[in-house]
$ cat query-v3.cif   # mmCIF, C-alpha atoms and all ligand atoms
data_coords
#
loop_
_atom_site.label_atom_id
_atom_site.label_comp_id
_atom_site.auth_asym_id
_atom_site.auth_seq_id
_atom_site.Cartn_x
_atom_site.Cartn_y
_atom_site.Cartn_z
CA PRO A 83 0.00 0.00 0.00
CA GLN A 84 1.00 3.58 -0.64
CA ARG A 85 2.69 5.37 2.23
CA GLN A 86 0.59 7.92 4.11
CA ARG A 87 1.44 11.61 3.98
CA LEU A 88 0.80 13.46 7.23
CA ALA A 89 -0.02 17.14 7.68
CA ILE A 90 -0.40 19.11 10.90
CA ILE A 91 -2.77 22.06 10.81
CA GLY A 92 -1.59 24.21 13.70
CA SER A 93 1.68 24.91 15.47
CA GLY A 94 0.96 26.49 18.84
CA ASN A 95 2.10 25.10 22.18
CA TRP A 96 0.31 21.77 21.72
CA GLY A 97 0.63 21.71 17.94
CA SER A 98 4.42 21.98 18.24
CA ALA A 99 4.63 19.34 21.00
CA ILE A 100 2.64 16.95 18.84
CA ALA A 101 4.72 17.77 15.75
CA ARG A 102 7.76 16.56 17.66
CA ILE A 103 6.09 13.22 18.41
CA ALA A 104 4.48 12.73 14.99
CA GLY A 105 7.66 13.77 13.18
CA ARG A 106 9.63 11.10 15.02
CA ASN A 107 6.98 8.40 14.64
CA VAL A 108 6.67 8.75 10.85
CA LEU A 109 10.37 7.94 10.67
CA ARG A 110 9.94 5.05 13.09
CA TYR A 111 7.19 3.54 10.88
CA SER A 112 8.82 4.42 7.56
CA ASP A 113 6.96 1.60 5.78
CA VAL A 114 3.63 3.24 6.70
CA PHE A 115 4.32 6.98 6.46
CA GLU A 116 6.05 9.44 4.13
CA PRO A 117 8.98 11.04 5.96
CA GLU A 118 8.08 14.69 5.40
CA VAL A 119 5.45 16.19 7.72
CA ARG A 120 4.13 19.60 6.73
CA MET A 121 2.93 21.85 9.53
CA TYR A 122 0.77 24.95 9.03
CA VAL A 123 2.21 27.94 10.86
CA HIS A 124 0.17 31.14 11.20
CA GLU A 125 2.91 33.47 10.03
CA GLU A 126 4.28 36.18 12.28
CA MET A 127 7.50 38.14 12.60
CA ILE A 128 9.82 37.52 15.52
CA ASP A 129 12.75 39.93 15.89
CA GLY A 130 12.50 40.73 12.17
CA ARG A 131 12.36 37.08 11.03
CA LYS A 132 9.47 34.97 9.85
CA LEU A 133 8.44 32.25 12.31
CA THR A 134 8.30 29.68 9.47
CA GLU A 135 11.90 30.51 8.54
CA ILE A 136 13.05 30.20 12.16
CA ILE A 137 11.32 26.81 12.51
CA ASN A 138 12.78 25.54 9.23
CA THR A 139 16.34 26.59 10.02
CA GLU A 140 16.57 26.25 13.80
CA HIS A 141 13.95 23.50 14.15
CA GLU A 142 12.41 25.17 17.14
CA ASN A 143 9.14 27.04 17.61
CA VAL A 144 10.80 29.79 19.61
CA LYS A 145 7.53 31.53 20.42
CA TYR A 146 5.10 28.74 21.31
CA LEU A 147 7.37 25.89 22.48
CA PRO A 148 10.76 27.42 23.26
CA GLY A 149 13.67 25.21 24.23
CA ILE A 150 12.38 22.09 22.45
CA LYS A 151 13.89 20.82 19.21
CA LEU A 152 11.54 19.69 16.46
CA PRO A 153 12.61 16.89 14.13
CA ASP A 154 14.19 18.06 10.83
CA ASN A 155 11.50 16.30 8.79
CA VAL A 156 8.81 18.68 10.11
CA LEU A 157 8.48 21.47 7.55
CA ALA A 158 6.77 24.74 8.50
CA VAL A 159 4.43 26.08 5.80
CA ASP A 160 2.67 29.44 5.97
CA SER A 161 -0.76 28.42 4.62
CA PRO A 162 -3.25 25.69 5.54
CA VAL A 163 -3.60 24.72 1.86
CA GLY A 164 0.17 24.45 1.39
CA ALA A 165 0.41 22.18 4.44
CA ALA A 166 -2.60 19.99 3.58
CA GLU A 167 -1.82 19.52 -0.12
CA GLY A 168 -1.60 15.81 -0.96
CA ALA A 169 -2.08 14.76 2.67
CA ASP A 170 -3.70 11.44 3.53
CA LEU A 171 -3.80 12.15 7.26
CA LEU A 172 -4.57 15.55 8.77
CA ILE A 173 -4.10 16.59 12.38
CA PHE A 174 -6.15 19.63 13.40
CA VAL A 175 -4.60 21.34 16.42
CA LEU A 176 -5.59 25.00 16.55
CA PRO A 177 -7.30 27.11 19.19
CA HIS A 178 -10.97 26.49 18.44
CA GLN A 179 -11.80 30.07 17.49
CA PHE A 180 -9.60 29.80 14.37
CA ILE A 181 -11.03 26.56 12.99
CA PRO A 182 -13.91 27.98 10.90
CA ASN A 183 -11.58 30.29 8.90
CA VAL A 184 -8.89 27.68 8.44
CA CYS A 185 -11.37 24.96 7.41
CA ASN A 186 -13.10 27.31 4.98
CA SER A 187 -9.77 27.96 3.29
CA LEU A 188 -9.30 24.18 2.95
CA ARG A 189 -12.74 23.53 1.45
CA GLY A 190 -12.49 21.46 -1.72
CA LYS A 191 -8.72 21.08 -1.24
CA VAL A 192 -8.68 17.89 0.83
CA SER A 193 -9.16 14.45 -0.68
CA PRO A 194 -12.42 12.79 0.43
CA THR A 195 -10.40 9.65 1.20
CA ALA A 196 -8.14 11.58 3.61
CA ARG A 197 -8.65 11.02 7.31
CA ALA A 198 -8.45 13.66 10.00
CA VAL A 199 -8.12 13.82 13.75
CA SER A 200 -9.22 16.80 15.82
CA MET A 201 -7.10 17.68 18.85
CA ILE A 202 -9.11 20.83 19.43
CA LYS A 203 -10.58 21.44 22.86
CA GLY A 204 -13.76 23.40 22.23
CA VAL A 205 -17.19 23.26 20.64
CA GLU A 206 -18.94 25.28 17.96
CA VAL A 207 -22.20 26.95 18.99
CA ARG A 208 -24.07 28.59 16.14
CA ASP A 209 -27.76 29.30 15.40
CA GLY A 210 -28.87 27.47 18.53
CA GLN A 211 -26.96 24.32 17.56
CA ILE A 212 -23.87 22.81 19.12
CA ARG A 213 -21.29 20.71 17.28
CA ILE A 214 -18.01 19.06 18.11
CA PHE A 215 -15.14 20.04 15.81
CA ALA A 216 -14.73 16.51 14.44
CA ASP A 217 -18.22 16.97 12.96
CA VAL A 218 -17.46 20.51 11.75
CA ILE A 219 -14.32 19.24 9.99
CA GLU A 220 -16.16 16.29 8.44
CA GLU A 221 -18.88 18.55 7.12
CA LEU A 222 -16.62 21.29 5.77
CA LEU A 223 -13.92 19.06 4.30
CA GLY A 224 -15.85 15.90 3.47
CA CYS A 225 -13.31 13.57 5.09
CA LYS A 226 -13.75 11.34 8.14
CA CYS A 227 -12.58 12.82 11.45
CA SER A 228 -11.74 11.25 14.82
CA ALA A 229 -10.79 13.07 18.03
CA LEU A 230 -7.76 12.94 20.31
CA SER A 231 -7.83 14.41 23.80
CA GLY A 232 -6.24 13.66 27.13
CA ALA A 233 -4.37 14.85 30.21
CA ASN A 234 -1.70 16.46 28.10
CA ILE A 235 -0.12 19.69 29.28
CA ALA A 236 1.95 20.38 26.17
CA ASN A 237 5.17 21.46 27.89
CA GLU A 238 5.28 18.20 29.87
CA VAL A 239 4.59 16.04 26.82
CA ALA A 240 7.31 17.91 24.91
CA GLN A 241 9.82 16.93 27.62
CA ASP A 242 8.82 13.27 27.38
CA LYS A 243 7.30 13.24 30.85
CA PHE A 244 4.90 10.30 31.02
CA SER A 245 1.29 10.84 30.01
CA GLU A 246 -1.65 9.08 28.45
CA THR A 247 -4.11 10.26 25.84
CA THR A 248 -7.31 9.00 24.22
CA ILE A 249 -8.37 8.68 20.60
CA GLY A 250 -12.14 8.63 20.13
CA TYR A 251 -13.06 6.95 16.86
CA ARG A 252 -16.25 6.68 14.82
CA ALA A 253 -18.44 3.60 15.17
CA GLY A 254 -16.88 0.73 13.23
CA ASP A 255 -13.75 2.69 12.23
CA ARG A 256 -11.11 1.26 14.53
CA ALA A 257 -8.72 0.89 11.58
CA THR A 258 -8.30 4.68 11.34
CA ALA A 259 -7.71 4.91 15.07
CA GLU A 260 -5.02 2.23 14.78
CA LEU A 261 -3.29 4.24 12.07
CA PHE A 262 -3.36 7.38 14.21
CA PHE A 263 -2.14 5.27 17.12
CA LYS A 264 1.08 4.78 15.14
CA VAL A 265 1.35 8.53 14.57
CA PHE A 266 1.16 9.37 18.26
CA ASP A 267 1.98 6.48 20.60
CA THR A 268 5.41 6.48 22.26
CA PRO A 269 6.69 4.86 25.49
CA THR A 270 6.01 8.13 27.34
CA PHE A 271 2.87 9.19 25.44
CA ARG A 272 0.50 6.27 25.65
CA VAL A 273 -2.54 6.25 23.42
CA GLY A 274 -5.81 4.53 24.37
CA LEU A 275 -8.65 3.95 21.88
CA VAL A 276 -12.40 4.29 22.53
CA GLU A 277 -15.33 4.18 20.13
CA ASP A 278 -16.68 7.58 21.22
CA VAL A 279 -15.73 10.65 19.18
CA ALA A 280 -18.32 12.90 20.81
CA GLY A 281 -17.48 11.87 24.38
CA VAL A 282 -13.74 12.44 23.90
CA SER A 283 -14.37 15.82 22.20
CA LEU A 284 -16.85 17.06 24.79
CA CYS A 285 -14.61 16.05 27.71
CA GLY A 286 -11.82 18.15 26.19
CA ALA A 287 -14.06 21.17 25.68
CA LEU A 288 -16.06 21.15 28.90
CA LYS A 289 -13.24 20.47 31.35
CA ASN A 290 -11.85 23.89 30.40
CA VAL A 291 -14.96 25.54 31.87
CA VAL A 292 -14.54 23.55 35.08
CA ALA A 293 -10.87 24.57 35.17
CA ILE A 294 -11.89 28.22 35.16
CA GLY A 295 -14.02 27.46 38.23
CA ALA A 296 -11.10 25.61 39.83
CA GLY A 297 -8.87 28.63 39.17
CA PHE A 298 -11.42 30.86 40.89
CA THR A 299 -11.17 28.72 44.04
CA ASP A 300 -7.38 29.07 43.91
CA GLY A 301 -7.71 32.84 43.54
CA LEU A 302 -10.02 32.94 46.53
CA GLY A 303 -7.62 30.84 48.60
CA TRP A 304 -10.35 28.31 49.33
CA GLY A 305 -8.06 25.28 49.44
CA ASP A 306 -8.03 21.81 47.98
CA ASN A 307 -11.38 20.58 49.29
CA ALA A 308 -13.25 23.38 47.55
CA LYS A 309 -11.39 22.71 44.34
CA ALA A 310 -12.18 18.99 44.55
CA ALA A 311 -15.87 19.84 45.05
CA VAL A 312 -15.89 22.09 41.99
CA MET A 313 -14.21 19.31 40.00
CA ARG A 314 -16.72 16.69 41.17
CA ILE A 315 -19.70 18.87 40.36
CA GLY A 316 -18.04 19.89 37.10
CA LEU A 317 -17.60 16.27 36.05
CA MET A 318 -21.31 15.63 36.74
CA GLU A 319 -22.32 18.62 34.62
CA MET A 320 -19.93 17.58 31.85
CA LYS A 321 -21.48 14.12 31.75
CA GLN A 322 -25.05 15.30 31.97
CA PHE A 323 -24.48 17.83 29.19
CA SER A 324 -22.91 15.26 26.89
CA MET A 325 -25.40 12.42 27.24
CA ASP A 326 -27.67 13.97 24.57
CA PHE A 327 -24.98 13.44 21.93
CA ASP A 328 -24.95 10.29 19.79
CA GLY A 329 -22.85 7.40 21.05
CA VAL A 330 -21.47 9.08 24.18
CA LYS A 331 -20.35 6.60 26.84
CA SER A 332 -20.35 7.39 30.52
CA SER A 333 -17.08 5.42 30.89
CA THR A 334 -15.28 7.95 28.66
CA PHE A 335 -15.74 10.48 31.47
CA THR A 336 -14.68 8.28 34.35
CA GLU A 337 -12.15 5.85 32.89
CA THR A 338 -10.15 7.56 30.12
CA SER A 339 -7.36 10.08 29.97
CA ALA A 340 -9.69 12.39 28.02
CA GLY A 341 -12.13 12.35 30.95
CA ILE A 342 -11.21 12.43 34.60
CA ALA A 343 -7.43 12.60 34.04
CA ASP A 344 -7.59 15.68 31.84
CA LEU A 345 -10.00 17.34 34.25
CA ILE A 346 -7.48 16.81 37.06
CA THR A 347 -4.41 18.02 35.18
CA THR A 348 -6.15 21.07 33.75
CA CYS A 349 -7.57 22.09 37.13
CA PHE A 350 -4.08 21.91 38.66
CA GLY A 351 -1.62 22.80 35.91
CA GLY A 352 -3.41 24.41 32.97
CA ARG A 353 -3.56 27.90 31.47
CA ASN A 354 -7.28 28.23 32.17
CA ARG A 355 -6.70 27.63 35.87
CA LYS A 356 -3.78 30.05 35.95
CA CYS A 357 -5.67 32.92 34.30
CA ALA A 358 -8.78 32.33 36.42
CA GLU A 359 -6.72 32.53 39.61
CA ALA A 360 -5.18 35.80 38.37
CA PHE A 361 -8.65 37.10 37.42
CA VAL A 362 -9.74 36.86 41.06
CA LYS A 363 -6.49 38.17 42.49
CA THR A 364 -5.96 41.13 40.13
CA GLY A 365 -9.45 42.11 38.97
CA LYS A 366 -8.12 42.33 35.39
CA SER A 367 -10.20 41.02 32.48
CA PHE A 368 -9.49 37.65 30.89
CA ASP A 369 -8.51 39.35 27.63
CA VAL A 370 -5.83 41.34 29.42
CA LEU A 371 -4.63 38.35 31.42
CA GLU A 372 -4.41 36.16 28.33
CA LYS A 373 -2.06 38.70 26.76
CA GLU A 374 -0.06 39.30 29.95
CA LEU A 375 0.34 35.71 31.09
CA LEU A 376 0.24 33.45 28.03
CA GLY A 377 2.72 34.97 25.56
CA GLY A 378 0.45 34.59 22.51
CA GLN A 379 -1.11 31.28 23.57
CA LYS A 380 -4.88 31.18 23.73
CA LEU A 381 -7.41 30.57 26.49
CA GLN A 382 -10.18 28.18 25.54
CA GLY A 383 -12.27 27.91 28.71
CA THR A 384 -13.72 31.43 28.82
CA GLU A 385 -14.93 31.23 25.20
CA THR A 386 -16.36 27.79 25.85
CA ALA A 387 -18.11 28.99 29.03
CA ARG A 388 -19.80 31.71 26.96
CA GLU A 389 -20.72 29.36 24.13
CA ILE A 390 -22.19 26.74 26.48
CA HIS A 391 -24.10 29.45 28.34
CA THR A 392 -25.61 30.75 25.08
CA PHE A 393 -26.65 27.24 24.09
CA LEU A 394 -28.18 26.35 27.46
CA LYS A 395 -29.98 29.68 27.77
CA GLN A 396 -31.55 29.34 24.32
CA ARG A 397 -32.85 25.91 25.34
CA GLY A 398 -34.06 27.05 28.77
CA ARG A 399 -31.74 24.56 30.43
CA LEU A 400 -29.44 26.76 32.52
CA ASP A 401 -30.97 25.65 35.83
CA GLY A 402 -29.54 22.16 35.39
CA TYR A 403 -25.97 23.54 35.22
CA PRO A 404 -25.28 25.73 38.26
CA LEU A 405 -21.48 25.47 37.97
CA PHE A 406 -21.29 26.25 34.25
CA ARG A 407 -23.68 29.13 34.90
CA SER A 408 -21.68 30.57 37.83
CA VAL A 409 -18.43 30.39 35.87
CA TYR A 410 -20.05 32.37 33.06
CA GLU A 411 -21.58 34.95 35.42
CA ILE A 412 -18.24 35.57 37.13
CA ALA A 413 -16.20 35.70 33.92
CA TYR A 414 -18.60 37.85 31.88
CA ASN A 415 -21.27 39.47 34.05
CA ASP A 416 -19.36 40.95 36.98
CA GLY A 417 -20.54 38.08 39.17
CA ALA A 418 -18.62 37.92 42.44
CA ALA A 419 -16.16 35.02 42.52
CA LYS A 420 -17.09 34.29 46.14
CA ASP A 421 -20.58 33.37 44.92
CA LEU A 422 -19.17 30.51 42.82
CA THR A 423 -20.60 27.85 45.09
CA SER A 424 -23.72 29.64 46.33
CA LYS A 425 -26.01 27.96 43.78
CA LEU A 426 -24.36 24.55 43.69
P1 LIG B 1 -1.86 28.01 21.51
O1 LIG B 1 -2.71 28.24 22.70
O2 LIG B 1 -0.40 27.96 21.69
O3 LIG B 1 -2.32 29.13 20.47
C1 LIG B 1 -1.51 29.85 19.66
C2 LIG B 1 -1.57 29.38 18.23
O4 LIG B 1 -2.63 30.03 17.53
C3 LIG B 1 -0.28 29.76 17.51
O5 LIG B 1 0.14 28.72 16.67
C4 LIG B 1 -0.71 30.96 16.70
O6 LIG B 1 0.07 31.14 15.56
C5 LIG B 1 -2.12 30.55 16.31
N1 LIG B 1 -2.92 31.66 15.82
C6 LIG B 1 -3.01 32.91 16.32
N2 LIG B 1 -3.85 33.65 15.55
C7 LIG B 1 -4.29 32.83 14.58
C8 LIG B 1 -5.19 33.00 13.49
N3 LIG B 1 -5.81 34.16 13.28
N4 LIG B 1 -5.40 31.95 12.67
C9 LIG B 1 -4.80 30.76 12.88
N5 LIG B 1 -3.96 30.54 13.90
C10 LIG B 1 -3.71 31.57 14.74
O7 LIG B 1 -2.34 26.67 20.74
P2 LIG B 1 -2.25 25.16 21.24
O8 LIG B 1 -1.78 25.10 22.65
O9 LIG B 1 -1.50 24.41 20.21
O10 LIG B 1 -3.77 24.71 21.28
C11 LIG B 1 -4.48 24.18 20.19
C12 LIG B 1 -5.63 23.34 20.71
O11 LIG B 1 -5.07 22.25 21.45
C13 LIG B 1 -6.57 24.08 21.68
O12 LIG B 1 -7.90 23.73 21.43
C14 LIG B 1 -6.14 23.59 23.05
O13 LIG B 1 -7.19 23.57 24.00
C15 LIG B 1 -5.69 22.19 22.73
N6 LIG B 1 -4.71 21.63 23.71
C16 LIG B 1 -3.71 22.39 24.23
C17 LIG B 1 -2.82 21.83 25.14
C18 LIG B 1 -1.70 22.62 25.75
O14 LIG B 1 -1.17 22.22 26.80
N7 LIG B 1 -1.27 23.71 25.16
C19 LIG B 1 -2.94 20.49 25.48
C20 LIG B 1 -3.96 19.73 24.92
C21 LIG B 1 -4.85 20.32 24.03
P1 LIG B 2 -5.13 24.56 29.35
O1 LIG B 2 -5.63 25.05 28.00
O2 LIG B 2 -5.95 25.03 30.49
O3 LIG B 2 -3.66 24.86 29.53
O4 LIG B 2 -5.25 22.98 29.32
C1 LIG B 2 -4.34 22.25 28.57
C2 LIG B 2 -4.86 20.87 28.38
O5 LIG B 2 -5.80 20.69 27.65
C3 LIG B 2 -4.20 19.79 29.13
O6 LIG B 2 -4.69 18.54 28.77
#
$ encode --input "query-v3.cif" --output "structure tokens"
Amino acid sequence: PQRQRLAIIGSGNWGSAIARIAGRNVLRYSDVFEPEVRMYVHEEMIDGRKLTEIINTEHENVKYLPGIKLPDNVLAVDSPVGAAEGADLLIFVLPHQFIPNVCNSLRGKVSPTARAVSMIKGVEVRDGQIRIFADVIEELLGCKCSALSGANIANEVAQDKFSETTIGYRAGDRATAELFFKVFDTPTFRVGLVEDVAGVSLCGALKNVVAIGAGFTDGLGWGDNAKAAVMRIGLMEMKQFSMDFDGVKSSTFTETSAGIADLITTCFGGRNRKCAEAFVKTGKSFDVLEKELLGGQKLQGTETAREIHTFLKQRGRLDGYPLFRSVYEIAYNDGAAKDLTSKL
């Protein structure tokens, strides 16, 4: 069989960490994959040089994953179309707010036999409907899409510190998941497979909202018990919210890396937690804190809290989600952080 050509659409903190793993694994399985991996880089200038040029000469994403070498076979390309051209396998790893534009630019340019995986942690809410990005990608590009999510703080994965992750695949399509397994699995980055694209995707999106709540408890100095309570209630709301989606399994939430493990790591070590703690302590807005604390990286949890709130409000279902609601009220409506638990 023909060797598979891999493309990575995205090159932020997580995109770059995953490019390091995928770039090495295509060489490890050289009978299965083409050696060159193209990676879409949203172009920007850094000290008078293009980021693509820096990555292609120094093999380091100096802005989003400094200090980590990328394999030489990962080639930075400044357009999504240039990266995706001729690809059999596509990895989507962008902050979720940029996906619609990037996918629109790829419309009609991806082979219908290509297969994609979404590593995006977010959901699309539009016209009263909610969709996971694996579905958005399938619809816009016409190719099948799985999801990968897990307890994966990018900087730790990039240093080969042990972690697990989960690929959620479509019903009956384990073969694609097994191919992506070869792209990602390493002795320190262990990939599990579950037949649950929606569950894996929703865990990744919704835990970011809970992590904002967890960060609020840190900012308030409420201690570990309060944070654990927010996480427990958050997990319940995540599960309840997701059960309306096709094929979602309760075990995805409680037994996989995408579920409980990612909730734990994000509530202790993630960017959402960090900015939410600073929000309480400084009184600055999330937009300001994102710029001040994240060096160009993007927060996902505040956007997702707003999107979920819009969706639940339109359906008259907010009462069933007191934690999601409180997080939104505090982040967007001048709600007092100390009231986080008053309606739980
Ligand atoms: P990031 O937070 O580092 O975001 C910055 C990226 O966005 C950069 O590559 C930047 O060039 C790009 N960008 C900025 N403006 C853009 C535009 N207008 N169009 C296109 N791209 C633009 O990104 P990330 O950490 O790689 O996150 C990608 C996804 O992976 C997110 O959904 C995130 O939740 C998820 N994720 C992140 C981590 C992590 O630890 N960083 C871990 C697991 C999953
Ligand atoms: P943050 O976006 O909060 O850093 O979470 C990263 C993550 O998804 C870890 O699995």
$ residues_near_ligand --input "query-v3.cif" --ligand "ligand LIG 2 (chain B)" --cutoff "8 Å" --atoms "all atoms listed in the file" --output "VMD selection string"
chain A and resid 203 231 to 236 286 290 293 340 344 to 345 347 to 349 351 to 356 380 to 383
$ residues_near_ligand --input "query-v3.cif" --ligand "ligand LIG 1 (chain B)" --cutoff "9 Å" --atoms "all atoms listed in the file" --output "VMD selection string"
chain A and resid 92 to 100 122 to 126 145 to 147 174 to 181 183 to 184 200 to 204 230 to 239 286 to 287 290 344 348 352 to 353 376 to 383
$ residues_around --input "query-v3.cif" --residues "region 264-274 of chain A" --least-positions-apart "4" --cutoff "10 Å" --atoms "all atoms listed in the file" --output "ChimeraX atom specification"
/A:88,100-111,114-115,171,173,230-232,234,239-250,259-260,338-340
$ residues_around --input "query-v3.cif" --residues "Glu206 (chain A)" --least-positions-apart "2" --cutoff "8 Å" --atoms "all atoms listed in the file" --output "CSV table (one decimal) with C-alpha atoms, in the frame of the given file"
chain,number,residue,atom,x,y,z
A,204,GLY,CA,-13.8,23.4,22.2
A,208,ARG,CA,-24.1,28.6,16.1
A,212,ILE,CA,-23.9,22.8,19.1
A,213,ARG,CA,-21.3,20.7,17.3
A,214,ILE,CA,-18.0,19.1,18.1
A,215,PHE,CA,-15.1,20.0,15.8
A,218,VAL,CA,-17.5,20.5,11.8
A,389,GLU,CA,-20.7,29.4,24.1
$ atom_distance --input "query-v3.cif" --atom1 "CA of Val362 (chain A)" --atom2 "CA of Phe298 (chain A)"
6.2 Å
$ atom_distance --input "query-v3.cif" --atom1 "CA of Lys363 (chain A)" --atom2 "CA of Tyr410 (chain A)"
17.5 Å
$ closest_residue --input "query-v3.cif" --among "A:Ala169, A:Ala280, A:Val207, A:Val159" --to "Lys321 (chain A)" --atoms "only C-alpha atoms"
A:Ala280
$ closest_residue --input "query-v3.cif" --among "A:Pro153, A:Pro148, A:Gly224, A:Gly168" --to "Arg87 (chain A)" --atoms "all atoms listed in the file"
A:Gly168
$ closest_residue --input "query-v3.cif" --among "A:Gln322, A:Glu374, A:His391, A:Val312" --to "Asn415 (chain A)" --atoms "all atoms listed in the file"
A:His391
$ atom_distance --input "query-v3.cif" --atom1 "CA of Gly305 (chain A)" --atom2 "CA of Ile346 (chain A)"
15.0 Å
$ closest_residue --input "query-v3.cif" --among "A:Val291, A:Ala418, A:Ile219, A:Ile91" --to "Arg388 (chain A)" --atoms "all atoms listed in the file"
A:Val291
$ closest_residue --input "query-v3.cif" --among "A:Ile315, A:Ala387, A:Ala196, A:Ala360" --to "Leu375 (chain A)" --atoms "all atoms listed in the file"
A:Ala360
$ closest_residue --input "query-v3.cif" --among "A:Cys285, A:Leu317, A:Ala419, A:Ala413" --to "Gly301 (chain A)" --atoms "all atoms listed in the file"
A:Ala419
$ residues_around --input "query-v3.cif" --residues "Lys132 (chain A)" --least-positions-apart "2" --cutoff "12 Å" --atoms "all atoms listed in the file" --output "tab-separated table (two decimals) with C-alpha atoms, in the coordinates of the input"
chain	number	residue	atom	x	y	z
A	123	VAL	CA	2.21	27.94	10.86
A	124	HIS	CA	0.17	31.14	11.20
A	125	GLU	CA	2.91	33.47	10.03
A	126	GLU	CA	4.28	36.18	12.28
A	127	MET	CA	7.50	38.14	12.60
A	128	ILE	CA	9.82	37.52	15.52
A	129	ASP	CA	12.75	39.93	15.89
A	130	GLY	CA	12.50	40.73	12.17
A	134	THR	CA	8.30	29.68	9.47
A	135	GLU	CA	11.90	30.51	8.54
A	136	ILE	CA	13.05	30.20	12.16
A	137	ILE	CA	11.32	26.81	12.51
A	138	ASN	CA	12.78	25.54	9.23
A	139	THR	CA	16.34	26.59	10.02
A	140	GLU	CA	16.57	26.25	13.80
A	143	ASN	CA	9.14	27.04	17.61
A	144	VAL	CA	10.80	29.79	19.61
A	145	LYS	CA	7.53	31.53	20.42
A	158	ALA	CA	6.77	24.74	8.50
A	159	VAL	CA	4.43	26.08	5.80
A	160	ASP	CA	2.67	29.44	5.97
$ decode --input "query-v3.cif" --residues "region 252-256 of chain A" --atoms "all heavy atoms" --output "short mmCIF file (atom, residue, chain, number, x, y, z; two decimals), in the first residue's frame"
data_model
loop_
_atom_site.label_atom_id
_atom_site.label_comp_id
_atom_site.auth_asym_id
_atom_site.auth_seq_id
_atom_site.Cartn_x
_atom_site.Cartn_y
_atom_site.Cartn_z
N ARG A 252 -14.87 6.84 15.28
CA ARG A 252 -16.25 6.68 14.82
C ARG A 252 -16.65 5.21 14.91
O ARG A 252 -15.80 4.31 14.76
CB ARG A 252 -16.38 7.12 13.37
CG ARG A 252 -15.99 8.56 13.13
CD ARG A 252 -17.14 9.48 13.42
NE ARG A 252 -16.74 10.89 13.23
CZ ARG A 252 -17.47 11.91 13.65
NH1 ARG A 252 -18.62 11.71 14.28
NH2 ARG A 252 -17.07 13.14 13.45
N ALA A 253 -17.94 4.98 15.07
CA ALA A 253 -18.44 3.60 15.17
C ALA A 253 -17.94 2.78 13.99
O ALA A 253 -18.06 3.22 12.83
CB ALA A 253 -19.97 3.62 15.19
N GLY A 254 -17.32 1.66 14.28
CA GLY A 254 -16.88 0.73 13.23
C GLY A 254 -15.58 1.13 12.55
O GLY A 254 -15.12 0.42 11.66
N ASP A 255 -14.95 2.24 12.95
CA ASP A 255 -13.75 2.69 12.23
C ASP A 255 -12.49 2.60 13.10
O ASP A 255 -11.71 3.55 13.20
CB ASP A 255 -13.95 4.12 11.71
CG ASP A 255 -12.86 4.50 10.70
OD1 ASP A 255 -12.18 3.59 10.18
OD2 ASP A 255 -12.68 5.70 10.46
N ARG A 256 -12.30 1.44 13.70
CA ARG A 256 -11.11 1.26 14.53
C ARG A 256 -9.82 1.30 13.70
O ARG A 256 -8.76 1.69 14.19
CB ARG A 256 -11.22 -0.07 15.29
CG ARG A 256 -10.24 -0.16 16.44
CD ARG A 256 -10.44 -1.41 17.27
NE ARG A 256 -9.29 -1.60 18.13
CZ ARG A 256 -9.20 -1.13 19.38
NH1 ARG A 256 -10.20 -0.46 19.90
NH2 ARG A 256 -8.11 -1.32 20.09
#
